[in-house]
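Next up, upload-v7.txt (compact mmCIF, C-alpha atoms):
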```txt
# COMPACT_ATOMS: atom_id res chain seq x y z
CA MET A 9 -35.04 14.62 -6.86
CA LYS A 10 -32.11 14.49 -4.50
CA ARG A 11 -31.99 10.71 -5.06
CA LEU A 12 -31.83 11.16 -8.79
CA ALA A 13 -29.00 13.64 -8.56
CA GLN A 14 -27.08 11.24 -6.35
CA MET A 15 -27.57 8.40 -8.77
CA ALA A 16 -26.39 10.50 -11.68
CA CYS A 17 -23.35 11.31 -9.64
CA THR A 18 -22.62 7.64 -8.93
CA VAL A 19 -22.92 6.80 -12.60
CA SER A 20 -20.53 9.52 -13.67
CA VAL A 21 -18.05 8.46 -11.02
CA MET A 22 -18.03 4.97 -12.46
CA ALA A 23 -17.67 6.23 -16.01
CA PHE A 24 -14.62 8.30 -15.17
CA GLY A 25 -13.02 5.63 -13.03
CA GLY A 26 -13.54 7.50 -9.80
CA ALA A 27 -11.85 10.77 -10.73
CA ALA A 28 -14.79 12.69 -9.31
CA MET A 29 -14.40 11.29 -5.78
CA ALA A 30 -10.73 11.99 -5.39
CA ASP A 31 -10.68 14.15 -2.30
CA PRO A 32 -11.19 13.04 1.28
CA VAL A 33 -14.76 13.73 2.39
CA ASP A 34 -15.79 16.61 4.57
CA ASP A 35 -17.37 14.63 7.39
CA THR A 36 -17.15 14.23 11.15
CA LEU A 37 -16.86 10.89 12.88
CA ILE A 38 -18.94 10.80 16.04
CA LEU A 39 -18.67 7.43 17.72
CA ASN A 40 -21.91 6.06 19.18
CA GLU A 41 -23.38 9.57 19.06
CA ASP A 42 -21.04 10.37 21.88
CA ILE A 43 -17.30 10.68 21.21
CA THR A 44 -16.20 13.15 18.50
CA MET A 45 -13.09 11.78 16.83
CA VAL A 46 -10.24 13.84 15.44
CA THR A 47 -9.95 12.56 11.87
CA ARG A 48 -8.05 15.55 10.50
CA THR A 49 -5.66 17.85 12.28
CA ALA A 50 -2.49 19.90 11.82
CA ALA A 51 0.53 17.76 11.02
CA PRO A 52 2.92 17.10 13.91
CA ALA A 53 6.04 19.31 13.86
CA HIS A 54 8.33 16.58 12.48
CA LEU A 55 6.09 16.28 9.38
CA GLU A 56 5.66 19.94 8.52
CA ASP A 57 7.96 19.83 5.50
CA ALA A 58 5.97 16.95 4.03
CA VAL A 59 2.27 17.62 4.69
CA ASP A 60 0.23 20.34 6.39
CA GLU A 61 -2.53 18.12 7.66
CA VAL A 62 -2.85 14.55 8.79
CA LEU A 63 -5.98 12.67 7.78
CA SER A 64 -7.50 9.45 9.04
CA GLY A 65 -8.13 6.70 6.47
CA TRP A 66 -11.80 6.96 7.53
CA LEU A 67 -12.13 10.15 5.43
CA PHE A 68 -11.20 8.22 2.28
CA ARG A 69 -13.82 5.52 2.60
CA GLY A 70 -17.36 5.42 1.20
CA THR A 71 -20.48 6.67 2.98
CA GLU A 72 -21.66 3.23 4.11
CA THR A 73 -18.26 2.11 5.32
CA ARG A 74 -17.91 5.31 7.33
CA ALA A 75 -21.36 4.88 8.85
CA MET A 76 -20.59 1.30 9.88
CA GLN A 77 -17.68 2.48 11.97
CA ALA A 78 -19.70 5.19 13.73
CA ASP A 79 -21.87 2.72 15.65
CA ASP A 80 -20.55 -0.20 17.67
CA PHE A 81 -23.65 -2.26 16.86
CA ASP A 82 -22.86 -1.97 13.15
CA ASN A 83 -19.10 -2.40 13.49
CA PRO A 84 -18.20 -6.07 12.81
CA GLY A 85 -14.83 -5.46 14.45
CA MET A 86 -16.57 -5.23 17.83
CA ILE A 87 -17.43 -8.95 17.67
CA PHE A 88 -13.72 -9.65 17.93
CA VAL A 89 -13.37 -7.18 20.78
CA GLU A 90 -15.98 -9.21 22.66
CA GLN A 91 -14.08 -12.41 21.96
CA ALA A 92 -10.94 -10.79 23.35
CA GLU A 93 -12.85 -9.77 26.50
CA ASP A 94 -13.45 -13.47 27.20
CA VAL A 95 -9.77 -14.23 26.67
CA TRP A 96 -8.87 -11.29 28.92
CA ASN A 97 -10.62 -13.07 31.79
CA THR A 98 -9.36 -16.57 31.03
CA ALA A 99 -6.45 -17.91 33.08
CA GLU A 100 -3.74 -19.60 31.03
CA GLY A 101 -0.19 -20.83 31.47
CA SER A 102 1.88 -22.15 34.37
CA GLU A 103 1.08 -19.21 36.68
CA GLY A 104 -2.68 -19.72 36.44
CA LYS A 105 -3.24 -16.08 35.64
CA SER A 106 -5.34 -14.13 33.18
CA CYS A 107 -4.82 -10.56 31.94
CA ALA A 108 -7.50 -9.57 34.46
CA SER A 109 -5.44 -11.00 37.35
CA CYS A 110 -2.94 -8.18 36.96
CA HIS A 111 -4.88 -5.47 35.13
CA ASN A 112 -8.50 -5.79 36.39
CA GLU A 113 -10.94 -4.42 33.81
CA PRO A 114 -9.86 -3.74 30.21
CA ASP A 115 -10.75 -0.07 30.89
CA THR A 116 -7.57 0.25 32.93
CA MET A 117 -5.76 0.08 29.58
CA ALA A 118 -7.29 3.35 28.35
CA GLY A 119 -4.48 5.45 26.86
CA VAL A 120 -2.07 2.57 26.28
CA ARG A 121 -2.74 2.10 22.54
CA ALA A 122 -2.14 5.82 21.96
CA VAL A 123 1.53 5.73 23.03
CA TYR A 124 2.70 2.49 21.37
CA PRO A 125 5.19 1.60 19.92
CA LYS A 126 7.11 2.75 22.97
CA TRP A 127 10.62 2.51 24.39
CA ASN A 128 10.88 -0.09 27.17
CA GLU A 129 13.69 0.89 29.50
CA ALA A 130 14.16 -2.48 31.23
CA ALA A 131 14.30 -4.41 27.96
CA GLY A 132 16.25 -1.69 26.16
CA GLU A 133 14.07 -1.88 23.08
CA VAL A 134 11.18 -0.23 21.26
CA ARG A 135 8.12 -2.38 21.86
CA THR A 136 4.95 -2.70 19.85
CA LEU A 137 1.72 -3.52 21.65
CA GLU A 138 1.99 -7.07 20.33
CA MET A 139 5.45 -7.45 21.86
CA GLN A 140 4.19 -6.18 25.20
CA ILE A 141 1.23 -8.58 25.12
CA ASN A 142 3.55 -11.51 24.42
CA ASP A 143 5.91 -10.37 27.16
CA CYS A 144 3.03 -10.58 29.66
CA ARG A 145 2.00 -13.96 28.33
CA GLU A 146 5.46 -15.49 28.52
CA ASN A 147 6.92 -13.87 31.60
CA ARG A 148 3.92 -13.19 33.83
CA MET A 149 1.48 -15.92 32.84
CA GLY A 150 3.92 -18.62 31.78
CA ALA A 151 1.82 -19.04 28.66
CA GLU A 152 2.83 -19.47 25.05
CA LYS A 153 3.45 -16.51 22.80
CA TRP A 154 0.77 -15.67 20.29
CA LYS A 155 1.71 -15.50 16.61
CA TYR A 156 2.24 -11.89 15.62
CA THR A 157 -0.72 -11.35 13.27
CA LYS A 158 -2.97 -14.31 14.16
CA SER A 159 -6.50 -13.90 15.47
CA ASN A 160 -5.89 -14.12 19.26
CA MET A 161 -3.29 -11.39 19.01
CA VAL A 162 -5.21 -9.14 16.63
CA ASN A 163 -8.37 -9.49 18.70
CA MET A 164 -6.51 -8.49 21.87
CA THR A 165 -5.02 -5.43 20.16
CA ALA A 166 -8.57 -4.55 19.05
CA LEU A 167 -9.77 -4.71 22.66
CA LEU A 168 -6.88 -2.50 23.79
CA ALA A 169 -7.50 -0.02 20.95
CA SER A 170 -11.24 0.09 21.65
CA VAL A 171 -10.79 1.36 25.21
CA SER A 172 -8.56 4.21 23.93
CA ARG A 173 -10.89 5.38 21.20
CA GLY A 174 -11.02 9.16 20.91
CA MET A 175 -7.67 9.66 22.65
CA PRO A 176 -4.96 11.31 20.54
CA ILE A 177 -2.11 9.21 19.17
CA ASN A 178 1.00 10.43 20.93
CA VAL A 179 4.04 8.25 20.34
CA ALA A 180 7.42 9.53 21.53
CA ILE A 181 10.07 9.82 18.83
CA ASP A 182 12.93 11.35 20.78
CA GLY A 183 15.30 10.03 23.42
CA PRO A 184 16.13 6.34 23.19
CA ALA A 185 13.43 5.73 20.54
CA GLN A 186 14.98 8.17 18.11
CA SER A 187 17.33 5.84 16.27
CA THR A 188 14.51 3.35 15.68
CA TRP A 189 12.34 6.21 14.45
CA GLU A 190 15.08 7.31 12.03
CA GLN A 191 15.33 3.76 10.71
CA GLY A 192 11.57 3.70 10.17
CA LYS A 193 11.70 7.01 8.35
CA GLU A 194 14.43 5.70 6.07
CA LEU A 195 12.26 2.68 5.24
CA TYR A 196 9.24 4.90 4.58
CA TYR A 197 11.08 6.82 1.88
CA THR A 198 12.94 3.86 0.30
CA ARG A 199 11.64 2.89 -3.14
CA THR A 200 11.48 -0.89 -2.98
CA GLY A 201 10.80 -3.73 -5.39
CA GLN A 202 10.68 -3.96 -9.13
CA LEU A 203 8.10 -1.16 -9.26
CA GLU A 204 10.43 1.06 -7.21
CA LEU A 205 7.71 2.58 -5.04
CA SER A 206 8.04 3.90 -1.49
CA CYS A 207 5.31 4.37 1.09
CA ALA A 208 5.68 8.10 0.45
CA ASN A 209 5.05 7.73 -3.31
CA CYS A 210 1.56 6.46 -2.60
CA HIS A 211 0.64 7.85 0.82
CA GLU A 212 2.42 11.22 0.91
CA ASP A 213 2.66 12.32 -2.74
CA SER A 214 -0.57 10.75 -4.05
CA TYR A 215 -3.12 10.53 -1.25
CA GLY A 216 -6.58 11.57 -2.41
CA LYS A 217 -5.93 10.14 -5.87
CA MET A 218 -7.24 6.91 -7.33
CA ILE A 219 -4.80 4.09 -8.04
CA ARG A 220 -6.89 1.78 -10.20
CA ALA A 221 -9.99 1.11 -8.03
CA ASP A 222 -8.39 2.22 -4.75
CA HIS A 223 -8.71 5.65 -3.21
CA LEU A 224 -5.31 6.36 -1.70
CA SER A 225 -5.29 7.55 1.91
CA GLN A 226 -2.32 8.76 3.92
CA GLY A 227 -1.75 5.19 5.12
CA GLN A 228 -2.28 6.16 8.76
CA ILE A 229 -2.45 3.45 11.43
CA ASN A 230 -4.64 5.17 14.03
CA GLY A 231 -7.54 2.92 12.97
CA PHE A 232 -5.78 -0.41 13.49
CA PRO A 233 -6.55 -3.15 13.74
CA VAL A 234 -8.93 -2.66 10.81
CA TYR A 235 -11.85 -4.86 9.86
CA ARG A 236 -11.66 -5.17 6.07
CA LEU A 237 -14.83 -5.83 4.11
CA LYS A 238 -12.57 -7.47 1.54
CA ASN A 239 -11.41 -10.33 3.78
CA THR A 240 -14.03 -10.01 6.56
CA LYS A 241 -11.56 -10.17 9.41
CA LEU A 242 -9.43 -7.94 11.57
CA ASN A 243 -6.09 -7.03 10.00
CA ALA A 244 -2.93 -6.17 11.91
CA VAL A 245 -0.66 -3.23 11.10
CA HIS A 246 2.26 -5.42 10.04
CA ALA A 247 0.02 -7.50 7.77
CA ARG A 248 -1.03 -4.29 6.00
CA PHE A 249 2.61 -3.18 5.67
CA LYS A 250 3.46 -6.56 4.23
CA GLY A 251 0.68 -6.29 1.64
CA CYS A 252 1.75 -2.82 0.58
CA VAL A 253 5.42 -3.82 0.22
CA ARG A 254 4.41 -6.95 -1.72
CA ASP A 255 2.48 -4.74 -4.13
CA THR A 256 5.72 -3.00 -5.11
CA ARG A 257 6.92 -6.40 -6.39
CA ALA A 258 9.39 -6.54 -3.51
CA GLU A 259 10.59 -9.15 -1.06
CA THR A 260 8.66 -8.13 2.05
CA TYR A 261 9.82 -7.95 5.64
CA LYS A 262 8.22 -10.27 8.18
CA PRO A 263 5.53 -9.20 10.65
CA GLY A 264 7.30 -8.56 13.96
CA SER A 265 10.68 -7.96 12.26
CA PRO A 266 12.91 -5.12 13.47
CA GLU A 267 12.23 -3.32 10.18
CA PHE A 268 8.45 -3.37 10.59
CA ILE A 269 8.74 -2.39 14.26
CA ALA A 270 10.76 0.66 13.22
CA LEU A 271 8.37 1.41 10.37
CA GLU A 272 5.41 1.14 12.73
CA LEU A 273 6.92 3.64 15.14
CA TYR A 274 7.56 6.06 12.29
CA VAL A 275 4.14 5.65 10.65
CA ALA A 276 2.40 5.94 14.04
CA SER A 277 4.25 9.21 14.65
CA ARG A 278 2.92 10.58 11.34
CA GLY A 279 -0.52 10.25 12.91
CA ASN A 280 0.28 11.98 16.22
CA GLY A 281 -2.80 14.05 17.04
CA LEU A 282 -5.35 11.81 15.30
CA SER A 283 -7.76 9.87 17.50
CA VAL A 284 -7.30 6.19 18.20
CA GLU A 285 -10.06 4.58 16.08
CA GLY A 286 -9.47 0.84 16.23
CA PRO A 287 -11.15 -1.37 15.36
CA SER A 288 -12.05 0.65 12.28
CA ILE A 289 -13.72 -0.43 9.03
CA ARG A 290 -12.01 -0.27 5.66
CA ASN A 291 -12.72 -1.87 2.30
CA MET B 30 30.51 -26.48 -48.56
CA LYS B 31 29.26 -23.59 -50.61
CA ILE B 32 25.72 -24.91 -50.53
CA LEU B 33 25.88 -25.50 -46.81
CA GLY B 34 27.08 -21.94 -46.31
CA THR B 35 24.22 -20.54 -48.35
CA ALA B 36 21.73 -22.59 -46.42
CA ALA B 37 23.12 -21.20 -43.19
CA VAL B 38 22.82 -17.65 -44.49
CA ILE B 39 19.22 -18.19 -45.54
CA ALA B 40 18.39 -19.77 -42.20
CA GLY B 41 19.96 -16.79 -40.48
CA MET B 42 17.90 -14.33 -42.56
CA LEU B 43 14.71 -16.21 -41.80
CA THR B 44 15.34 -16.04 -38.08
CA SER B 45 16.13 -12.33 -38.10
CA ALA B 46 12.92 -11.65 -39.98
CA ALA B 47 10.64 -13.95 -38.02
CA LEU B 48 12.00 -13.89 -34.48
CA ALA B 49 14.90 -11.52 -34.27
CA GLU B 50 17.08 -11.42 -31.15
CA ALA B 51 15.50 -9.17 -28.55
CA VAL B 52 17.75 -6.50 -27.04
CA ALA B 53 18.43 -7.55 -23.45
CA PRO B 54 17.09 -5.15 -20.77
CA THR B 55 20.69 -4.46 -19.72
CA ALA B 56 21.78 -3.68 -23.31
CA VAL B 57 19.16 -1.08 -24.29
CA LYS B 58 20.76 2.09 -25.71
CA TYR B 59 19.05 5.19 -24.33
CA ASP B 60 19.67 8.58 -25.90
CA GLU B 61 18.33 11.22 -23.50
CA GLY B 62 15.61 8.83 -22.44
CA THR B 63 14.64 7.78 -25.97
CA VAL B 64 15.19 4.41 -27.66
CA ALA B 65 15.41 4.50 -31.46
CA MET B 66 15.35 0.81 -32.38
CA SER B 67 12.66 -1.80 -31.81
CA LEU B 68 13.54 -3.86 -28.72
CA SER B 69 12.26 -7.08 -30.25
CA GLY B 70 13.47 -6.37 -33.78
CA ALA B 71 9.88 -6.72 -34.96
CA ALA B 72 6.95 -4.33 -35.33
CA GLY B 73 4.47 -3.92 -32.47
CA ASP B 74 0.84 -5.02 -32.57
CA PRO B 75 -1.44 -2.18 -31.40
CA VAL B 76 -4.36 -4.52 -30.65
CA GLU B 77 -2.25 -6.60 -28.27
CA GLY B 78 -0.79 -3.34 -26.92
CA ARG B 79 -4.27 -2.10 -26.03
CA ASN B 80 -4.84 -5.32 -24.12
CA ILE B 81 -1.56 -5.00 -22.21
CA VAL B 82 -2.22 -1.37 -21.21
CA GLY B 83 -5.64 -2.23 -19.76
CA ASN B 84 -4.88 -5.66 -18.29
CA LYS B 85 -4.25 -5.82 -14.55
CA LYS B 86 -1.96 -8.86 -14.97
CA LYS B 87 0.13 -7.27 -17.74
CA GLY B 88 1.00 -3.57 -18.07
CA ASN B 89 -1.81 -2.36 -15.81
CA CYS B 90 -1.04 1.14 -17.05
CA VAL B 91 -4.60 2.21 -16.25
CA ALA B 92 -3.74 1.74 -12.56
CA CYS B 93 -2.19 5.19 -12.88
CA HIS B 94 -3.40 6.61 -16.21
CA GLN B 95 -6.81 7.40 -17.68
CA VAL B 96 -7.31 6.37 -21.32
CA THR B 97 -10.59 7.35 -22.97
CA ASP B 98 -10.13 4.68 -25.64
CA LEU B 99 -10.14 2.05 -22.84
CA SER B 100 -13.39 3.19 -21.22
CA ASP B 101 -14.65 -0.42 -21.49
CA VAL B 102 -12.07 -1.29 -18.80
CA PRO B 103 -13.32 -0.22 -15.33
CA PHE B 104 -11.36 1.96 -12.87
CA HIS B 105 -8.63 4.15 -14.26
CA GLY B 106 -6.20 5.74 -11.84
CA GLU B 107 -5.13 9.36 -11.74
CA ILE B 108 -1.51 9.24 -10.62
CA GLY B 109 -0.10 10.07 -14.07
CA PRO B 110 -1.46 12.24 -16.90
CA ALA B 111 -4.25 10.91 -19.17
CA LEU B 112 -2.72 9.09 -22.11
CA ASP B 113 -5.18 10.56 -24.60
CA GLY B 114 -3.12 12.23 -27.32
CA ALA B 115 0.16 10.60 -26.20
CA GLY B 116 0.77 9.70 -29.86
CA ASP B 117 0.68 13.41 -30.76
CA ARG B 118 2.89 14.54 -27.90
CA TRP B 119 5.63 11.94 -28.27
CA ASN B 120 7.33 10.19 -31.17
CA GLU B 121 7.99 6.46 -31.30
CA ALA B 122 11.52 6.61 -29.86
CA GLU B 123 10.32 8.75 -26.97
CA LEU B 124 7.37 6.47 -26.23
CA ARG B 125 9.65 3.41 -26.27
CA GLY B 126 12.01 5.09 -23.84
CA ILE B 127 9.17 6.15 -21.52
CA VAL B 128 7.68 2.65 -21.35
CA ALA B 129 11.03 0.85 -21.06
CA ASN B 130 12.41 3.15 -18.34
CA ALA B 131 10.50 6.36 -17.66
CA LYS B 132 13.04 7.43 -15.03
CA LEU B 133 15.47 8.45 -17.74
CA MET B 134 12.90 10.80 -19.30
CA PHE B 135 11.20 12.05 -16.10
CA GLU B 136 13.59 12.29 -13.17
CA ASP B 137 12.32 10.62 -9.97
CA THR B 138 9.00 9.80 -11.58
CA MET B 139 6.65 7.42 -9.80
CA MET B 140 6.19 5.50 -13.06
CA PRO B 141 7.85 2.06 -12.88
CA ALA B 142 10.40 0.90 -15.47
CA PHE B 143 8.88 -1.93 -17.50
CA TYR B 144 12.05 -3.16 -19.22
CA LYS B 145 14.67 -3.18 -16.52
CA THR B 146 16.18 -6.00 -14.46
CA GLU B 147 18.91 -4.40 -12.35
CA GLY B 148 19.37 -1.85 -9.60
CA PHE B 149 16.33 -2.69 -7.46
CA ILE B 150 16.11 -2.69 -3.66
CA ARG B 151 14.71 -6.01 -2.42
CA PRO B 152 13.32 -7.18 -5.78
CA GLY B 153 10.59 -9.77 -5.34
CA LYS B 154 9.18 -12.72 -7.24
CA ALA B 155 6.27 -10.92 -8.95
CA TYR B 156 3.55 -10.21 -6.34
CA THR B 157 4.32 -13.10 -3.96
CA GLY B 158 6.30 -11.05 -1.44
CA LYS B 159 9.11 -13.63 -1.76
CA ALA B 160 12.63 -12.83 -2.97
CA ALA B 161 13.29 -12.75 -6.69
CA ASP B 162 14.65 -16.03 -8.03
CA GLU B 163 16.05 -17.27 -11.34
CA THR B 164 12.70 -16.57 -13.06
CA PHE B 165 13.17 -12.83 -12.52
CA GLY B 166 12.75 -10.79 -15.72
CA PRO B 167 11.47 -7.40 -16.87
CA VAL B 168 7.79 -6.63 -16.12
CA LEU B 169 7.04 -6.71 -19.86
CA THR B 170 8.89 -8.59 -22.64
CA ALA B 171 10.58 -6.80 -25.54
CA GLN B 172 7.68 -7.64 -27.82
CA GLN B 173 5.12 -6.47 -25.25
CA ILE B 174 6.93 -3.12 -25.02
CA GLU B 175 6.73 -2.83 -28.81
CA ASP B 176 3.02 -3.70 -28.74
CA VAL B 177 2.37 -1.02 -26.10
CA VAL B 178 4.36 1.56 -28.09
CA ALA B 179 2.39 0.67 -31.25
CA TYR B 180 -0.84 1.22 -29.30
CA LEU B 181 0.28 4.52 -27.76
CA LYS B 182 1.07 5.79 -31.27
CA THR B 183 -2.62 5.35 -32.14
CA LEU B 184 -3.71 7.65 -29.29
CA LYS B 185 -4.25 10.89 -31.21
CA GLU B 186 -6.46 13.77 -30.08
```

What would the structure in this file look like if it were written as structure tokens?
Amino acid sequence: MKRLAQMACTVSVMAFGGAAMADPVDDTLILNEDITMVTRTAAPAHLEDAVDEVLSGWLFRGTETRAMQADDFDNPGMIFVEQAEDVWNTAEGSEGKSCASCHNEPDTMAGVRAVYPKWNEAAGEVRTLEMQINDCRENRMGAEKWKYTKSNMVNMTALLASVSRGMPINVAIDGPAQSTWEQGKELYYTRTGQLELSCANCHEDSYGKMIRADHLSQGQINGFPVYRLKNTKLNAVHARFKGCVRDTRAETYKPGSPEFIALELYVASRGNGLSVEGPSIRN
Amino acid sequence: MKILGTAAVIAGMLTSAALAEAVAPTAVKYDEGTVAMSLSGAAGDPVEGRNIVGNKKKGNCVACHQVTDLSDVPFHGEIGPALDGAGDRWNEAELRGIVANAKLMFEDTMMPAFYKTEGFIRPGKAYTGKAADETFGPVLTAQQIEDVVAYLKTLKE
């Protein structure tokens, strides 16, 4: 009987183009039956004029996709985390060092994902996790930089995210990071491209609604990198930004560009308080 | 001379009937968001208009609007109001204005302008993510706008 009712529901959802499933689900993400994740919480102070609550993209995905992310054995993203663990222990470059030579176990990185992008005092710049990884590779290992959104890099960010899962995102937006944050905010609200759409049009004004076949989330990045069922690989934050900007019929910015670094800091700060979830599963 | 002149006049009449000059996107006259005259100079085809409204590669209006008449097309969005009855709510000049540049009718609306070529920030080459080049034009042609308007006029409650 329950089955039947569910099926009827699915059919009507299809008939009305998804109107019936507009809201985020009321569900709790418990990772590996152990860690309870914060997927919805009060908006950080800087966002109070815009939204009351911040919501993880997990709440906008279907039942099966959500379940997949709740168990590491079902999460295809964890395969890439394992690959990165091998790389973590592999010496490379002129110094003959691996990540492990300086940092021991990946667990020592717990908490790092949660505070990036972050101001680096010595370099005098806001750094993404990718920039920090490449800094270690070039200057401590004497190895070549990884390409910003290519598999080695995305896998390593997945490993670093995985050891911070359940910790609250907490990026700093004041002090020396503030001007970068302001620049990111400006970009977030700029209506780009021939369709003249901003991030806010879709992810602040319209989250919860369907746009064609897609259920719009708040566009949070606490789940990155994300394993997408659509392209069956891990996807980096800047690759997602690029796709969204492209969909406004705009000339995009490049992954790793100053614009996307600023935008990442700003978007990350919109998720302050949500749990680190990466690698998460999205469609 | 006289004969030549007559021939030229006839040729000119033929062209204006068959394929009249389209009004350029930059030359459209808006009166409080409405556009009185056909943009292509010709009538719209509601059957083609229906296709454009539902087609992902053309108007893709159903990305944001539900249309009961298009229930054969899967997945309608819910960003804008349902278009059912749009032909009752709006007259032809209003519909033309809304489709050509909805921002003049609804301030700050999320609805894109489909017959506009200027004033964009970082315009791209369609959905490639690359910069716009010399092929850049409005999202829909003048005739496509007319076809869409002709279709919207058929949407009566």

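Across the structure, CA of Ser172 in chain A and CA of Lys241 in chain A are spaced 20.7 Å apart.
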
Give the residues of chain B that lie within 10 Å of chain A; count all atoms listed in the file, and format the answer as JSON, numbers by chain. {"B": [85, 89, 90, 91, 92, 93, 94, 95, 96, 97, 100, 101, 102, 103, 104, 105, 106, 107, 108, 109, 138, 139, 140, 141, 142, 143, 145, 146, 147, 148, 149, 150, 151, 152, 153, 154, 155, 156, 157, 158, 159, 160, 161, 165, 166, 167, 168]}

Please list, as an mmCIF file with C-alpha atoms, keeping the file's coordinate frame, the residues that have an atom at most 12 Å away from (-7.5, 1.1, 27.0) in the coordinates of this file, counting only C-alpha atoms.
```cif
data_model
loop_
_atom_site.group_PDB
_atom_site.id
_atom_site.type_symbol
_atom_site.label_atom_id
_atom_site.label_comp_id
_atom_site.auth_asym_id
_atom_site.auth_seq_id
_atom_site.Cartn_x
_atom_site.Cartn_y
_atom_site.Cartn_z
ATOM 1 C CA VAL A 89 -13.370 -7.180 20.780
ATOM 2 C CA HIS A 111 -4.880 -5.470 35.130
ATOM 3 C CA ASN A 112 -8.500 -5.790 36.390
ATOM 4 C CA GLU A 113 -10.940 -4.420 33.810
ATOM 5 C CA PRO A 114 -9.860 -3.740 30.210
ATOM 6 C CA ASP A 115 -10.750 -0.070 30.890
ATOM 7 C CA THR A 116 -7.570 0.250 32.930
ATOM 8 C CA MET A 117 -5.760 0.080 29.580
ATOM 9 C CA ALA A 118 -7.290 3.350 28.350
ATOM 10 C CA GLY A 119 -4.480 5.450 26.860
ATOM 11 C CA VAL A 120 -2.070 2.570 26.280
ATOM 12 C CA ARG A 121 -2.740 2.100 22.540
ATOM 13 C CA ALA A 122 -2.140 5.820 21.960
ATOM 14 C CA VAL A 123 1.530 5.730 23.030
ATOM 15 C CA TYR A 124 2.700 2.490 21.370
ATOM 16 C CA LEU A 137 1.720 -3.520 21.650
ATOM 17 C CA MET A 164 -6.510 -8.490 21.870
ATOM 18 C CA THR A 165 -5.020 -5.430 20.160
ATOM 19 C CA ALA A 166 -8.570 -4.550 19.050
ATOM 20 C CA LEU A 167 -9.770 -4.710 22.660
ATOM 21 C CA LEU A 168 -6.880 -2.500 23.790
ATOM 22 C CA ALA A 169 -7.500 -0.020 20.950
ATOM 23 C CA SER A 170 -11.240 0.090 21.650
ATOM 24 C CA VAL A 171 -10.790 1.360 25.210
ATOM 25 C CA SER A 172 -8.560 4.210 23.930
ATOM 26 C CA ARG A 173 -10.890 5.380 21.200
ATOM 27 C CA GLY A 174 -11.020 9.160 20.910
ATOM 28 C CA MET A 175 -7.670 9.660 22.650
ATOM 29 C CA VAL A 284 -7.300 6.190 18.200
ATOM 30 C CA GLU A 285 -10.060 4.580 16.080
ATOM 31 C CA GLY A 286 -9.470 0.840 16.230
#
```

Long-range neighbours of range 182-188 of chain A as an MDAnalysis selection string, 9 Å cut-off, all atoms listed in the file, 6 positions minimum in chain: chainID A and resid 126:127 129 132:134 266:267 269:271 273:274

At most 6 Å from (0.1, 8.9, 18.2), file frame, all atoms listed in the file: which residues, as number ranges by chain? A: 122-123, 177-179, 276-277, 279-280

For the atom pair CA of Glu152 in chain A and CA of Glu100 in chain A, what is the interatomic distance in Å to one decimal place? 8.9 Å

What lies within 7 Å of Leu282 in chain A using only C-alpha atoms, ignoring chain neighbours under 5 positions off, as a short mmCIF file (atom, residue, chain, number, x, y, z; two decimals) with C-alpha atoms, in the frame of the given file?
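Resulting contents of around16.cif:
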```
data_model
loop_
_atom_site.label_atom_id
_atom_site.label_comp_id
_atom_site.auth_asym_id
_atom_site.auth_seq_id
_atom_site.Cartn_x
_atom_site.Cartn_y
_atom_site.Cartn_z
CA VAL A 46 -10.24 13.84 15.44
CA THR A 47 -9.95 12.56 11.87
CA ARG A 48 -8.05 15.55 10.50
CA THR A 49 -5.66 17.85 12.28
CA PRO A 176 -4.96 11.31 20.54
CA ILE A 177 -2.11 9.21 19.17
CA ASN A 230 -4.64 5.17 14.03
#
```

Counting only C-alpha atoms, what is within 8 Å of Ala244 in chain A, bar same-chain residues fewer than 2 positions away, as a ChimeraX atom specification? /A:157,162,232-234,242,246-248

Interatomic distance, CA of Ser102 in chain A to CA of Asp143 in chain A (Å, one decimal): 14.4 Å

Quick one: of B:Glu186, B:Glu121, B:Asp98, B:Asp176, who's nearest to Ser69 in chain B, counting only C-alpha atoms? B:Asp176

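The residue set within 10 Å of Asn130 in chain B, counting only C-alpha atoms and dropping same-chain residues fewer than 2 places from it, reads B:Pro54, B:Val57, B:Tyr59, B:Gly62, B:Thr63, B:Val64, B:Leu124, B:Arg125, B:Gly126, B:Ile127, B:Val128, B:Lys132, B:Leu133, B:Met134, B:Phe135, B:Met140, B:Pro141, B:Ala142, B:Phe143, B:Tyr144, B:Lys145.
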